[in-house]
$ cat model_22.txt   # compact mmCIF, C-alpha atoms
# COMPACT_ATOMS: atom_id res chain seq x y z
CA MET A 1 -11.75 -11.60 -21.29
CA SER A 2 -14.15 -9.96 -18.83
CA HIS A 3 -16.66 -7.54 -20.34
CA HIS A 4 -15.68 -5.18 -17.53
CA ALA A 5 -12.13 -5.03 -18.90
CA PHE A 6 -10.70 -1.71 -20.00
CA SER A 7 -9.75 -1.27 -23.67
CA GLU A 8 -6.37 -2.59 -24.77
CA GLN A 9 -4.94 0.96 -24.77
CA GLU A 10 -6.30 1.70 -21.30
CA ARG A 11 -4.93 -1.55 -19.90
CA ALA A 12 -1.54 -0.78 -21.39
CA ALA A 13 -1.58 2.64 -19.72
CA VAL A 14 -2.28 1.14 -16.29
CA TYR A 15 0.52 -1.41 -16.72
CA ARG A 16 2.82 1.33 -17.99
CA ALA A 17 2.26 3.43 -14.86
CA ILE A 18 2.97 0.38 -12.71
CA ALA A 19 6.13 -0.51 -14.65
CA GLU A 20 7.59 2.99 -14.95
CA ARG A 21 6.86 4.29 -11.44
CA ARG A 22 10.07 4.83 -9.50
CA ASP A 23 10.98 5.76 -5.96
CA MET A 24 12.66 9.04 -6.92
CA ARG A 25 15.39 10.90 -5.05
CA HIS A 26 16.50 13.38 -7.74
CA PHE A 27 14.24 16.34 -8.51
CA ARG A 28 14.06 19.63 -10.32
CA PRO A 29 12.69 22.50 -8.24
CA ASP A 30 10.04 23.68 -10.77
CA PRO A 31 6.68 24.08 -9.06
CA VAL A 32 3.95 21.47 -9.28
CA ASP A 33 0.71 22.80 -10.76
CA PRO A 34 -1.80 23.12 -7.86
CA GLU A 35 -4.51 21.46 -9.96
CA VAL A 36 -2.26 18.48 -10.60
CA LEU A 37 -1.45 18.24 -6.89
CA GLN A 38 -5.16 18.25 -6.11
CA ARG A 39 -5.77 15.43 -8.64
CA LEU A 40 -2.98 13.38 -7.08
CA LEU A 41 -4.36 13.82 -3.58
CA LEU A 42 -7.84 12.86 -4.78
CA ALA A 43 -6.35 9.73 -6.35
CA ALA A 44 -4.77 8.87 -3.01
CA HIS A 45 -8.04 9.49 -1.22
CA GLN A 46 -9.81 6.98 -3.49
CA ALA A 47 -7.82 4.13 -1.97
CA PRO A 48 -9.48 1.21 -0.25
CA SER A 49 -9.45 1.23 3.54
CA VAL A 50 -10.15 -1.41 6.13
CA GLY A 51 -13.71 -0.97 7.40
CA LEU A 52 -13.80 2.25 5.34
CA MET A 53 -11.87 3.98 8.12
CA GLN A 54 -9.85 6.21 5.75
CA PRO A 55 -6.98 6.41 8.25
CA TRP A 56 -4.75 8.64 6.11
CA ARG A 57 -4.04 12.27 7.00
CA PHE A 58 -2.04 14.52 4.67
CA ILE A 59 -0.01 17.51 5.81
CA ARG A 60 1.39 19.66 3.04
CA ILE A 61 4.62 21.33 4.11
CA THR A 62 4.88 24.88 2.80
CA GLN A 63 7.10 26.72 5.33
CA PRO A 64 10.80 26.59 4.39
CA ALA A 65 11.85 26.51 8.06
CA LEU A 66 9.62 23.51 8.66
CA ARG A 67 11.04 21.67 5.66
CA LYS A 68 14.50 22.40 7.00
CA SER A 69 13.59 20.90 10.37
CA ILE A 70 12.21 17.80 8.65
CA LYS A 71 15.39 17.51 6.63
CA GLY A 72 17.33 17.70 9.89
CA LEU A 73 15.38 14.76 11.30
CA VAL A 74 16.05 12.72 8.18
CA GLU A 75 19.76 13.51 8.28
CA GLN A 76 19.91 12.42 11.93
CA GLU A 77 18.27 9.09 11.07
CA ARG A 78 20.49 8.66 8.02
CA GLN A 79 23.52 8.72 10.31
CA ALA A 80 21.88 6.33 12.78
CA THR A 81 20.98 3.93 9.97
CA ALA A 82 24.53 3.97 8.63
CA ILE A 83 25.79 2.91 12.06
CA ALA A 84 23.14 0.19 12.31
CA LEU A 85 24.18 -1.14 8.90
CA GLY A 86 27.67 -1.90 10.15
CA GLU A 87 29.99 -2.92 7.31
CA ARG A 88 27.69 -1.50 4.64
CA GLY A 89 27.30 1.83 6.44
CA SER A 90 29.81 3.75 4.34
CA GLU A 91 28.28 2.37 1.14
CA PHE A 92 24.87 3.50 2.42
CA MET A 93 26.18 7.00 3.16
CA LYS A 94 27.09 7.38 -0.52
CA LEU A 95 23.50 6.77 -1.64
CA LYS A 96 21.06 9.62 -2.13
CA VAL A 97 18.27 8.57 0.21
CA GLU A 98 16.04 11.64 0.16
CA GLY A 99 15.12 14.46 -2.18
CA LEU A 100 14.05 17.11 0.32
CA ASP A 101 16.60 19.61 -0.92
CA ARG A 102 15.12 20.05 -4.38
CA CYS A 103 11.60 18.61 -4.69
CA SER A 104 8.78 21.08 -5.19
CA GLU A 105 6.31 19.55 -2.75
CA VAL A 106 6.71 17.79 0.58
CA LEU A 107 3.76 15.90 2.05
CA VAL A 108 3.73 14.10 5.36
CA VAL A 109 1.29 11.20 5.59
CA ALA A 110 0.16 10.09 9.02
CA LEU A 111 -2.22 7.56 10.47
CA MET A 112 -5.10 9.31 12.17
CA ASP A 113 -5.61 9.50 15.91
CA CYS A 114 -8.39 7.57 17.71
CA ARG A 115 -7.85 4.41 15.66
CA GLU A 116 -8.33 2.02 18.53
CA PRO A 117 -12.16 1.71 18.32
CA HIS A 118 -11.93 0.70 14.65
CA VAL A 119 -11.93 -3.09 14.95
CA PHE A 120 -13.55 -3.95 11.59
CA GLY A 121 -10.83 -5.98 9.84
CA ARG A 122 -8.32 -4.91 12.51
CA ARG A 123 -9.12 -6.95 15.62
CA THR A 124 -6.24 -9.35 15.00
CA LEU A 125 -4.40 -7.16 12.45
CA PRO A 126 -4.38 -3.61 13.81
CA GLN A 127 -1.67 -2.70 11.32
CA MET A 128 -4.25 -2.75 8.50
CA ASP A 129 -4.54 1.02 8.99
CA LEU A 130 -1.00 1.34 7.64
CA ALA A 131 -1.90 -1.05 4.82
CA SER A 132 -4.75 1.26 3.78
CA ALA A 133 -2.59 4.38 3.97
CA SER A 134 0.05 2.62 1.87
CA CYS A 135 -2.53 1.85 -0.82
CA ALA A 136 -3.38 5.56 -0.84
CA ILE A 137 0.29 6.45 -1.27
CA GLN A 138 0.66 3.93 -4.10
CA ASN A 139 -2.33 5.52 -5.86
CA LEU A 140 -0.64 8.90 -5.54
CA TRP A 141 2.63 7.46 -6.83
CA LEU A 142 1.06 5.93 -9.93
CA ALA A 143 -1.01 9.02 -10.70
CA ALA A 144 2.13 11.15 -10.32
CA ARG A 145 3.96 8.93 -12.79
CA ALA A 146 1.12 9.33 -15.29
CA GLU A 147 1.38 13.10 -14.82
CA GLY A 148 5.12 12.87 -15.46
CA LEU A 149 6.03 13.72 -11.86
CA GLY A 150 8.40 11.83 -9.61
CA MET A 151 7.77 10.85 -6.03
CA GLY A 152 9.91 9.43 -3.26
CA TRP A 153 8.73 7.85 -0.01
CA VAL A 154 11.21 8.70 2.73
CA SER A 155 10.98 6.59 5.89
CA LEU A 156 14.23 7.71 7.50
CA PHE A 157 12.90 9.56 10.53
CA GLU A 158 12.06 9.10 14.17
CA PRO A 159 8.25 9.11 14.11
CA ARG A 160 7.78 10.66 17.58
CA GLU A 161 10.01 13.59 16.65
CA LEU A 162 8.22 14.23 13.36
CA ALA A 163 4.87 13.93 15.16
CA ARG A 164 5.97 16.55 17.68
CA LEU A 165 7.19 18.89 14.95
CA LEU A 166 3.77 18.78 13.28
CA ASN A 167 1.71 18.97 16.47
CA MET A 168 0.19 15.54 16.07
CA PRO A 169 -1.83 13.99 18.89
CA ASP A 170 -0.08 11.19 20.79
CA ASP A 171 -2.03 8.44 19.06
CA ALA A 172 -1.47 9.70 15.51
CA GLU A 173 1.55 8.28 13.68
CA PRO A 174 3.54 9.69 10.76
CA VAL A 175 4.46 6.97 8.24
CA ALA A 176 5.82 8.82 5.22
CA ILE A 177 7.58 11.94 4.09
CA LEU A 178 6.68 12.19 0.42
CA CYS A 179 8.91 14.20 -1.91
CA LEU A 180 7.07 15.14 -5.08
CA GLY A 181 8.13 17.09 -8.11
CA HIS A 182 9.49 17.33 -11.61
CA VAL A 183 12.43 15.17 -12.55
CA ASP A 184 15.00 15.27 -15.34
CA GLN A 185 14.44 11.60 -15.94
CA PHE A 186 13.02 8.53 -14.29
CA TYR A 187 15.49 5.80 -13.34
CA ASP A 188 15.42 2.86 -15.78
CA GLN A 189 15.56 0.47 -12.84
CA PRO A 190 14.98 1.00 -9.11
CA MET A 191 17.76 3.35 -7.97
CA LEU A 192 19.09 0.86 -5.42
CA ALA A 193 19.46 -1.74 -8.19
CA GLU A 194 21.08 0.76 -10.56
CA GLN A 195 23.55 1.77 -7.87
CA GLY A 196 24.39 -1.79 -6.97
CA TRP A 197 22.99 -1.78 -3.45
CA LYS A 198 20.94 -4.88 -4.13
CA GLN A 199 19.73 -6.95 -7.07
CA PRO A 200 15.98 -7.54 -7.17
CA GLN A 201 14.61 -11.07 -6.92
CA SER A 202 12.29 -12.44 -9.59
CA LEU A 203 8.61 -13.13 -9.01
CA GLU A 204 9.17 -16.86 -9.46
CA GLU A 205 11.32 -16.94 -6.34
CA LEU A 206 8.55 -15.42 -4.24
CA LEU A 207 5.45 -17.24 -5.52
CA TRP A 208 4.39 -20.61 -4.17
CA GLN A 209 1.42 -22.93 -4.18
CA ASP A 210 -0.63 -24.10 -1.18
CA SER A 211 2.29 -23.90 1.23
CA TRP A 212 5.29 -21.82 2.17
CA ALA A 213 8.37 -23.07 0.35
CA GLU A 214 12.02 -22.40 0.58
CA TYR A 215 13.98 -20.25 -1.82
CA PRO A 216 16.44 -21.93 -4.15
CA GLU A 217 18.92 -19.36 -2.89
CA ARG A 218 18.66 -16.58 -0.31
CA GLY A 219 18.44 -13.00 -1.53
CA GLN A 220 21.14 -10.62 -0.43
CA SER A 221 20.22 -8.82 2.78
CA ASP A 222 21.26 -5.38 4.00
CA ALA A 223 23.63 -7.07 6.37
CA ASP A 224 25.47 -9.07 3.70
CA MET B 1 2.84 19.87 -18.00
CA SER B 2 5.88 17.63 -17.59
CA HIS B 3 7.32 16.21 -20.80
CA HIS B 4 7.41 12.86 -18.98
CA ALA B 5 3.60 12.93 -18.70
CA PHE B 6 1.57 10.17 -20.30
CA SER B 7 -0.87 11.10 -23.10
CA GLU B 8 -4.27 12.43 -22.08
CA GLN B 9 -5.88 9.05 -22.85
CA GLU B 10 -3.28 7.17 -20.84
CA ARG B 11 -3.64 9.48 -17.87
CA ALA B 12 -7.40 9.06 -17.99
CA ALA B 13 -6.96 5.27 -17.94
CA VAL B 14 -4.79 5.41 -14.83
CA TYR B 15 -7.27 7.67 -13.05
CA ARG B 16 -10.12 5.43 -14.20
CA ALA B 17 -8.51 2.35 -12.64
CA ILE B 18 -7.99 4.27 -9.40
CA ALA B 19 -11.57 5.57 -9.35
CA GLU B 20 -13.33 2.32 -10.34
CA ARG B 21 -11.31 -0.15 -8.24
CA ARG B 22 -13.48 -1.67 -5.53
CA ASP B 23 -12.90 -3.96 -2.57
CA MET B 24 -15.11 -6.75 -3.93
CA ARG B 25 -16.98 -9.40 -1.97
CA HIS B 26 -19.31 -10.76 -4.69
CA PHE B 27 -17.83 -13.00 -7.39
CA ARG B 28 -18.72 -15.32 -10.22
CA PRO B 29 -16.87 -18.64 -10.17
CA ASP B 30 -15.62 -18.53 -13.80
CA PRO B 31 -11.90 -19.23 -13.94
CA VAL B 32 -9.28 -16.51 -14.25
CA ASP B 33 -7.09 -16.90 -17.33
CA PRO B 34 -3.65 -18.09 -16.09
CA GLU B 35 -1.91 -15.52 -18.31
CA VAL B 36 -3.96 -12.73 -16.77
CA LEU B 37 -3.13 -14.00 -13.28
CA GLN B 38 0.55 -13.97 -14.18
CA ARG B 39 0.30 -10.37 -15.45
CA LEU B 40 -1.39 -9.32 -12.21
CA LEU B 41 1.27 -10.94 -10.07
CA LEU B 42 4.00 -9.31 -12.12
CA ALA B 43 2.28 -5.96 -11.61
CA ALA B 44 2.31 -6.60 -7.85
CA HIS B 45 5.95 -7.57 -7.98
CA GLN B 46 6.83 -4.22 -9.61
CA ALA B 47 5.91 -2.36 -6.45
CA PRO B 48 8.39 -0.18 -4.60
CA SER B 49 9.92 -1.65 -1.47
CA VAL B 50 11.85 -0.17 1.39
CA GLY B 51 15.57 -0.73 0.80
CA LEU B 52 14.52 -2.90 -2.17
CA MET B 53 13.77 -5.73 0.26
CA GLN B 54 10.74 -7.04 -1.72
CA PRO B 55 9.19 -8.44 1.46
CA TRP B 56 6.07 -9.87 -0.25
CA ARG B 57 5.49 -13.61 -0.60
CA PHE B 58 2.51 -14.96 -2.55
CA ILE B 59 0.90 -18.32 -1.92
CA ARG B 60 -1.71 -19.35 -4.46
CA ILE B 61 -4.34 -21.59 -2.87
CA THR B 62 -5.45 -24.37 -5.21
CA GLN B 63 -6.55 -27.22 -2.91
CA PRO B 64 -10.28 -27.07 -2.11
CA ALA B 65 -9.70 -28.49 1.38
CA LEU B 66 -7.17 -25.76 2.12
CA ARG B 67 -9.54 -23.05 0.92
CA LYS B 68 -12.20 -24.52 3.20
CA SER B 69 -9.85 -24.37 6.18
CA ILE B 70 -9.03 -20.74 5.38
CA LYS B 71 -12.72 -19.96 5.13
CA GLY B 72 -13.15 -21.57 8.56
CA LEU B 73 -10.52 -19.24 10.04
CA VAL B 74 -12.25 -16.22 8.52
CA GLU B 75 -15.65 -17.31 9.82
CA GLN B 76 -14.17 -17.73 13.31
CA GLU B 77 -12.75 -14.20 13.20
CA ARG B 78 -15.99 -12.82 11.79
CA GLN B 79 -17.79 -14.02 14.91
CA ALA B 80 -15.08 -12.62 17.18
CA THR B 81 -15.21 -9.26 15.42
CA ALA B 82 -19.00 -9.10 15.77
CA ILE B 83 -18.63 -9.56 19.53
CA ALA B 84 -15.87 -6.91 19.68
CA LEU B 85 -18.11 -4.47 17.81
CA GLY B 86 -20.70 -4.57 20.59
CA GLU B 87 -23.88 -2.75 19.58
CA ARG B 88 -23.03 -2.81 15.88
CA GLY B 89 -22.23 -6.53 15.94
CA SER B 90 -25.53 -7.72 14.50
CA GLU B 91 -25.36 -5.08 11.76
CA PHE B 92 -21.83 -6.30 10.96
CA MET B 93 -23.01 -9.92 10.76
CA LYS B 94 -25.41 -8.96 7.96
CA LEU B 95 -22.57 -7.65 5.78
CA LYS B 96 -20.79 -9.86 3.28
CA VAL B 97 -17.21 -9.55 4.47
CA GLU B 98 -15.48 -12.16 2.33
CA GLY B 99 -15.86 -13.77 -1.07
CA LEU B 100 -14.07 -17.07 -0.47
CA ASP B 101 -17.12 -19.13 -1.40
CA ARG B 102 -17.23 -18.07 -5.04
CA CYS B 103 -14.07 -16.33 -6.20
CA SER B 104 -11.95 -18.15 -8.73
CA GLU B 105 -8.56 -17.46 -7.14
CA VAL B 106 -7.38 -17.15 -3.56
CA LEU B 107 -3.94 -15.72 -2.85
CA VAL B 108 -2.39 -15.33 0.57
CA VAL B 109 0.17 -12.54 0.86
CA ALA B 110 2.71 -12.75 3.64
CA LEU B 111 5.69 -10.77 4.82
CA MET B 112 8.85 -12.78 4.36
CA ASP B 113 10.84 -14.35 7.16
CA CYS B 114 14.27 -13.03 8.24
CA ARG B 115 13.21 -9.39 7.99
CA GLU B 116 15.05 -8.23 11.07
CA PRO B 117 18.47 -7.55 9.42
CA HIS B 118 16.81 -5.23 6.87
CA VAL B 119 17.25 -1.86 8.57
CA PHE B 120 17.41 0.37 5.46
CA GLY B 121 14.41 2.68 5.94
CA ARG B 122 13.15 0.45 8.75
CA ARG B 123 15.33 1.17 11.77
CA THR B 124 12.68 3.38 13.38
CA LEU B 125 9.77 2.19 11.21
CA PRO B 126 10.01 -1.62 10.96
CA GLN B 127 6.44 -1.72 9.68
CA MET B 128 7.62 -0.36 6.31
CA ASP B 129 7.74 -3.99 5.15
CA LEU B 130 3.96 -4.07 5.38
CA ALA B 131 3.82 -0.71 3.59
CA SER B 132 5.76 -2.18 0.68
CA ALA B 133 3.61 -5.31 0.52
CA SER B 134 0.51 -3.11 0.57
CA CYS B 135 1.79 -1.15 -2.43
CA ALA B 136 2.23 -4.48 -4.23
CA ILE B 137 -1.34 -5.46 -3.39
CA GLN B 138 -2.63 -2.09 -4.60
CA ASN B 139 -0.80 -2.62 -7.91
CA LEU B 140 -2.48 -6.00 -8.24
CA TRP B 141 -5.86 -4.46 -7.40
CA LEU B 142 -5.58 -1.73 -10.03
CA ALA B 143 -4.30 -4.08 -12.71
CA ALA B 144 -7.16 -6.47 -11.91
CA ARG B 145 -9.66 -3.64 -12.35
CA ALA B 146 -8.16 -2.81 -15.72
CA GLU B 147 -8.53 -6.49 -16.67
CA GLY B 148 -12.16 -6.35 -15.56
CA LEU B 149 -11.56 -8.59 -12.55
CA GLY B 150 -12.62 -7.91 -8.99
CA MET B 151 -10.47 -8.34 -5.91
CA GLY B 152 -11.15 -8.26 -2.20
CA TRP B 153 -8.59 -7.95 0.61
CA VAL B 154 -9.78 -10.02 3.56
CA SER B 155 -8.07 -9.28 6.89
CA LEU B 156 -10.45 -11.21 9.15
CA PHE B 157 -8.16 -13.95 10.37
CA GLU B 158 -5.84 -14.85 13.20
CA PRO B 159 -2.40 -14.51 11.58
CA ARG B 160 -0.68 -17.22 13.63
CA GLU B 161 -3.34 -19.76 12.68
CA LEU B 162 -3.14 -18.92 8.99
CA ALA B 163 0.65 -19.04 9.18
CA ARG B 164 0.48 -22.53 10.70
CA LEU B 165 -1.98 -23.72 8.07
CA LEU B 166 0.44 -22.68 5.32
CA ASN B 167 3.63 -23.92 7.03
CA MET B 168 5.14 -20.46 7.38
CA PRO B 169 8.28 -19.95 9.47
CA ASP B 170 7.71 -18.26 12.83
CA ASP B 171 8.99 -14.90 11.66
CA ALA B 172 6.90 -14.74 8.47
CA GLU B 173 3.55 -12.99 8.76
CA PRO B 174 0.42 -13.35 6.62
CA VAL B 175 -1.24 -9.97 5.99
CA ALA B 176 -3.88 -10.61 3.34
CA ILE B 177 -6.22 -13.20 1.95
CA LEU B 178 -6.94 -11.95 -1.56
CA CYS B 179 -10.10 -13.09 -3.33
CA LEU B 180 -9.82 -12.58 -7.07
CA GLY B 181 -12.22 -13.31 -9.87
CA HIS B 182 -14.90 -12.31 -12.29
CA VAL B 183 -17.78 -10.21 -11.03
CA ASP B 184 -21.26 -9.47 -12.30
CA GLN B 185 -20.70 -5.80 -11.63
CA PHE B 186 -18.45 -3.49 -9.68
CA TYR B 187 -20.07 -1.57 -6.83
CA ASP B 188 -20.78 2.07 -7.74
CA GLN B 189 -19.47 3.12 -4.33
CA PRO B 190 -17.44 1.26 -1.70
CA MET B 191 -19.69 -1.57 -0.51
CA LEU B 192 -19.62 -0.38 3.10
CA ALA B 193 -20.87 3.04 1.98
CA GLU B 194 -23.56 1.52 -0.27
CA GLN B 195 -24.75 -0.67 2.58
CA GLY B 196 -24.86 2.19 5.06
CA TRP B 197 -22.10 0.95 7.36
CA LYS B 198 -20.27 4.25 7.14
CA GLN B 199 -20.22 7.39 5.01
CA PRO B 200 -16.81 8.30 3.60
CA GLN B 201 -15.14 11.56 4.59
CA SER B 202 -14.04 14.05 1.96
CA LEU B 203 -10.40 14.78 1.16
CA GLU B 204 -10.79 18.33 2.46
CA GLU B 205 -11.42 17.02 5.96
CA LEU B 206 -8.15 15.07 5.96
CA LEU B 207 -5.74 17.49 4.31
CA TRP B 208 -3.90 20.16 6.28
CA GLN B 209 -1.02 22.56 5.93
CA ASP B 210 2.18 22.65 8.02
CA SER B 211 0.52 21.29 11.14
CA TRP B 212 -1.99 18.75 12.36
CA ALA B 213 -5.43 20.34 12.59
CA GLU B 214 -8.72 19.31 14.03
CA TYR B 215 -11.67 18.08 12.04
CA PRO B 216 -14.74 20.28 11.78
CA GLU B 217 -16.66 17.19 12.88
CA ARG B 218 -15.57 13.69 13.83
CA GLY B 219 -16.19 10.89 11.38
CA GLN B 220 -18.39 8.04 12.51
CA SER B 221 -16.40 5.24 14.10
CA ASP B 222 -17.16 1.53 14.18
CA ALA B 223 -18.17 1.95 17.78
CA ASP B 224 -20.76 4.69 17.12

$ encode --input "model_22.txt" --output "structure tokens"
Amino acid sequence: MSHHAFSEQERAAVYRAIAERRDMRHFRPDPVDPEVLQRLLLAAHQAPSVGLMQPWRFIRITQPALRKSIKGLVEQERQATAIALGERGSEFMKLKVEGLDRCSEVLVVALMDCREPHVFGRRTLPQMDLASASCAIQNLWLAARAEGLGMGWVSLFEPRELARLLNMPDDAEPVAILCLGHVDQFYDQPMLAEQGWKQPQSLEELLWQDSWAEYPERGQSDAD
Amino acid sequence: MSHHAFSEQERAAVYRAIAERRDMRHFRPDPVDPEVLQRLLLAAHQAPSVGLMQPWRFIRITQPALRKSIKGLVEQERQATAIALGERGSEFMKLKVEGLDRCSEVLVVALMDCREPHVFGRRTLPQMDLASASCAIQNLWLAARAEGLGMGWVSLFEPRELARLLNMPDDAEPVAILCLGHVDQFYDQPMLAEQGWKQPQSLEELLWQDSWAEYPERGQSDAD
């Protein structure tokens, strides 16, 4: 045991947040306390970032008309995704894939503009900016769970259209529409598992030693 | 306050892990308890993933010769990055950018092969696979901090060369070399801030309402 380890109770709390966090789609419209929202955003902002570039930008959506436009973009992409899914398209259309109608808060997360000169840790892997922003979003997600709030990460949108709607510069890039708010209950399992869309694989199937290995059996894909 | 909220002590523990997690480069070689490693990997595996695709693959590096080859790849990219950084190249070369020499555990995280059919939440944003894998890595990072262990995410490598070294299929993609282990102490601030590479920006500078906005002042870039 490291002497830097948290207490047993603290460790359990961290593992609990990790285990009970869910990608939520069902919300109650009660408002989120502004102080809680501020804590969550600060948690996000404490994420690691490649070369300390802090590439995340947060836009809080407050205008109802703007939320409606965002919802329109998501609905458009929902239809396009259903078509792309082929045989599973009608099954997909029955799923609730966003919570924009009821959640209290909507946040758009984007990658900043002018990222090109940042080559520290990105010369061969420029996509590490998204990796950093994703760590920030995961921080927010876990902190929200600890606060008893649900969050959903919606990625059903055409990024150039969302960028235009929010007046982003050409080289900025929206990567998430976050729905945040109170929930009646957290799903026991990931919603897509509960609803039978897909069964999760176990860690053992995805963990190897010293070399890539093959799976005993292939996981089910969207196209199955 | 939501009735789903954790207790005050539990919430404080989650925020503590978020605040005290550091991207570590300095390690002690003492071994990591295999049970702790297993807990950390399970924490990673509990991450959200787009369309429940669980795109992360973990390869634990145990052969010393293989670790040495990986270290060689990183050193090669370190030199290339220094050249790309121009004027700041010599300053960069003085930084410790990886901990492969001393850390107890090395894990390579890769995006799985055969990702193309997974269009759920990825039709317009295929990079959401990396976003999911990054959430998994952030889970691992936070759980490691709670266990008193340090972790560093090294992205200084040529992905095709690392993929070849680990016998990955052409359509798999390594995104992280994780160094994990005991540390003498955690940095008080991000190492790159402590060492004067860059000063972090505040949340206020990166948080807007309903529209992209301009910064009061530009943050320092690598190329400054």

$ closest_residue --input "model_22.txt" --among "A:Arg67, A:Tyr187, A:Ile83, A:Ser155" --to "chain B" --atoms "all atoms listed in the file"
A:Ser155

$ closest_residue --input "model_22.txt" --among "B:Lys96, B:Arg21, B:Lys198, B:His26" --to "Gln54 in chain A" --atoms "all atoms listed in the file"
B:Lys198

$ residues_around --input "model_22.txt" --residues "Gln46 in chain A" --least-positions-apart "3" --cutoff "10 Å" --atoms "all atoms listed in the file" --output "mmCIF file with C-alpha atoms, keeping the file's coordinate frame"
data_model
loop_
_atom_site.group_PDB
_atom_site.id
_atom_site.type_symbol
_atom_site.label_atom_id
_atom_site.label_comp_id
_atom_site.auth_asym_id
_atom_site.auth_seq_id
_atom_site.Cartn_x
_atom_site.Cartn_y
_atom_site.Cartn_z
ATOM 1 C CA LEU A 41 -4.360 13.820 -3.580
ATOM 2 C CA LEU A 42 -7.840 12.860 -4.780
ATOM 3 C CA ALA A 43 -6.350 9.730 -6.350
ATOM 4 C CA SER A 49 -9.450 1.230 3.540
ATOM 5 C CA GLN A 54 -9.850 6.210 5.750
ATOM 6 C CA CYS A 135 -2.530 1.850 -0.820
ATOM 7 C CA ALA A 136 -3.380 5.560 -0.840
ATOM 8 C CA ASN A 139 -2.330 5.520 -5.860
ATOM 9 C CA LEU A 140 -0.640 8.900 -5.540
ATOM 10 C CA TYR B 15 -7.270 7.670 -13.050
ATOM 11 C CA ILE B 18 -7.990 4.270 -9.400
ATOM 12 C CA ALA B 19 -11.570 5.570 -9.350
ATOM 13 C CA GLU B 20 -13.330 2.320 -10.340
ATOM 14 C CA ARG B 21 -11.310 -0.150 -8.240
ATOM 15 C CA ARG B 22 -13.480 -1.670 -5.530
ATOM 16 C CA PRO B 190 -17.440 1.260 -1.700
ATOM 17 C CA SER B 202 -14.040 14.050 1.960
ATOM 18 C CA LEU B 203 -10.400 14.780 1.160
#

$ atom_distance --input "model_22.txt" --atom1 "CA of Arg123 in chain A" --atom2 "CA of Pro159 in chain A"
23.7 Å

$ atom_distance --input "model_22.txt" --atom1 "CA of Val108 in chain B" --atom2 "CA of Ala133 in chain B"
11.7 Å

$ atom_distance --input "model_22.txt" --atom1 "CA of Arg57 in chain A" --atom2 "CA of Cys179 in chain B"
28.0 Å

$ decode --input "model_22.txt" --residues "range 55-83 of chain A" --atoms "C-alpha atoms" --output "PDB file, in the first residue's frame"
ATOM      1  CA  PRO A  55      -7.817  22.587 -25.461  1.00  0.00           C
ATOM      2  CA  TRP A  56     -11.347  22.441 -24.018  1.00  0.00           C
ATOM      3  CA  ARG A  57     -13.849  25.271 -24.474  1.00  0.00           C
ATOM      4  CA  PHE A  58     -17.249  25.188 -22.773  1.00  0.00           C
ATOM      5  CA  ILE A  59     -20.342  26.948 -24.076  1.00  0.00           C
ATOM      6  CA  ARG A  60     -23.324  26.926 -21.750  1.00  0.00           C
ATOM      7  CA  ILE A  61     -26.571  27.020 -23.704  1.00  0.00           C
ATOM      8  CA  THR A  62     -29.171  29.197 -22.005  1.00  0.00           C
ATOM      9  CA  GLN A  63     -31.414  30.467 -24.845  1.00  0.00           C
ATOM     10  CA  PRO A  64     -34.409  28.181 -25.467  1.00  0.00           C
ATOM     11  CA  ALA A  65     -34.356  28.938 -29.212  1.00  0.00           C
ATOM     12  CA  LEU A  66     -30.723  27.906 -29.402  1.00  0.00           C
ATOM     13  CA  ARG A  67     -31.391  24.655 -27.556  1.00  0.00           C
ATOM     14  CA  LYS A  68     -34.208  23.997 -30.004  1.00  0.00           C
ATOM     15  CA  SER A  69     -31.862  24.501 -32.949  1.00  0.00           C
ATOM     16  CA  ILE A  70     -29.336  22.128 -31.385  1.00  0.00           C
ATOM     17  CA  LYS A  71     -32.068  19.574 -30.858  1.00  0.00           C
ATOM     18  CA  GLY A  72     -32.962  19.945 -34.530  1.00  0.00           C
ATOM     19  CA  LEU A  73     -29.388  19.128 -35.550  1.00  0.00           C
ATOM     20  CA  VAL A  74     -29.391  16.042 -33.347  1.00  0.00           C
ATOM     21  CA  GLU A  75     -32.709  14.856 -34.750  1.00  0.00           C
ATOM     22  CA  GLN A  76     -31.373  15.257 -38.292  1.00  0.00           C
ATOM     23  CA  GLU A  77     -28.312  13.143 -37.446  1.00  0.00           C
ATOM     24  CA  ARG A  78     -30.454  10.580 -35.636  1.00  0.00           C
ATOM     25  CA  GLN A  79     -32.323   9.956 -38.884  1.00  0.00           C
ATOM     26  CA  ALA A  80     -29.087   9.802 -40.886  1.00  0.00           C
ATOM     27  CA  THR A  81     -27.589   7.335 -38.409  1.00  0.00           C
ATOM     28  CA  ALA A  82     -30.655   5.104 -38.580  1.00  0.00           C
ATOM     29  CA  ILE A  83     -30.235   4.897 -42.356  1.00  0.00           C
TER      30      ILE A  83
END
